[in-house]
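Take a look at the structure below.
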Amino acid sequence: MEQRGGTGSAGSAGSGGQAAPRSAAARRCRQRAGPWALLPALCLALALPAPARALPPPPPPGHRLADGLSRSRELLAAANASLHRLKELGTLGFECTLEEVDLEDITENQINTIKACTSEDPGTGNCPALERSTFDMSKCLQGIYDDLNAYRAELKSFNDQKVLATIDETMKALKSSSRSAPQPPAGAGLTSFKERMRLCSILHAFRIRTVTINRMMNYLTSPESSL
């Protein structure tokens, strides 16, 4: 029995003697590889995104358009309320009615809702028409944004915070789809009768434009716009 035990010990030693060279060879291989052995793992780590820093995906276009439609409705309500307050309070010193003023289109010489969202050639009809084959949604949204930007600058002198805040919110809803337009200089204030008449004209023109914007946003969020 002692002989069997001795043989087993010898076998174990022999096995350990064979394993030792292989272990030493592996260590020498790792030492020769040096820091390059970590390169594949490092590249893999850099390629994987960090979950904690991942940005949320942008909202879908439909979500932005729905928000723009909601804001355009608020914009129309604010424009109507502003004109109603002028009538009730007599802020301008005269009755500001559509019949008493000559409308001024302050967006005539720039891209605007009418130019950007409708066909330039209305054909035989009296009104501009939507042309699905050439319709550019981004251009249309940009025209609406530029309209609001121009009217905001003009209405600063009127200082109706509700109107200004609603314009800002509508522009913010459209900004993700439009480039930022530079802010035009604001008016210097209402001092003369002529300036107050002009403000009345701009308010009515703004109210009419908000109707157009609201109708356009209704169209953009409708199933017909994707046909």
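Please note that chains go A, B, ... in the order of the structure tokens, that every chain numbers its residues from 1, and that ligands are numbered from 1 in the order shown.
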Taking 6 positions as the minimum chain separation for residues in the same chain, which residues sit within 9 Å of Gln110 in chain A when counting only C-alpha atoms? Answer as a ChimeraX atom specification. /A:143,146-147
Neighbouring residues of range 157-173 of chain A were defined as those with any atom within 10 Å, considering only C-alpha atoms; residues of the same chain fewer than 2 positions away were excluded. Please report them as a PyMOL selection string. chain A and resi 63-82+91-92+141-142+144-149+151-155+175-178+180+186-190+196+199-200+203
So that I can see what lies close to Lys87 in chain A, please list as a ChimeraX atom specification the residues with an atom at most 7 Å from it, counting only C-alpha atoms and leaving out residues fewer than 4 positions away in the same chain. /A:83,95-96
Any chance you can output those residues with all heavy atoms as a short mmCIF file (atom, residue, chain, number, x, y, z; two decimals), in the first residue's frame?
```cif
data_model
loop_
_atom_site.label_atom_id
_atom_site.label_comp_id
_atom_site.auth_asym_id
_atom_site.auth_seq_id
_atom_site.Cartn_x
_atom_site.Cartn_y
_atom_site.Cartn_z
N LEU A 83 -57.70 92.47 -28.88
CA LEU A 83 -58.54 93.46 -29.57
C LEU A 83 -59.78 93.77 -28.75
O LEU A 83 -60.25 94.93 -28.73
CB LEU A 83 -58.93 92.93 -30.95
CG LEU A 83 -57.81 92.97 -32.00
CD1 LEU A 83 -58.21 92.17 -33.24
CD2 LEU A 83 -57.49 94.42 -32.38
N GLU A 95 -61.71 104.01 -31.24
CA GLU A 95 -62.24 102.67 -31.43
C GLU A 95 -61.44 101.96 -32.52
O GLU A 95 -61.47 102.35 -33.69
CB GLU A 95 -63.72 102.73 -31.81
CG GLU A 95 -64.39 101.36 -31.79
CD GLU A 95 -65.88 101.45 -32.03
OE1 GLU A 95 -66.40 102.58 -32.15
OE2 GLU A 95 -66.54 100.40 -32.09
N CYS A 96 -60.75 100.93 -32.11
CA CYS A 96 -59.87 100.19 -33.03
C CYS A 96 -60.68 99.10 -33.70
O CYS A 96 -60.78 97.98 -33.21
CB CYS A 96 -58.69 99.61 -32.27
SG CYS A 96 -57.54 98.64 -33.29
#
```
Which residue of A:Cys117, A:Phe193, A:Glu100, A:Ala150 approaches Thr134 in chain A most closely, using only C-alpha atoms: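 Using only C-alpha atoms, Thr134 in chain A sits closest to A:Cys117.
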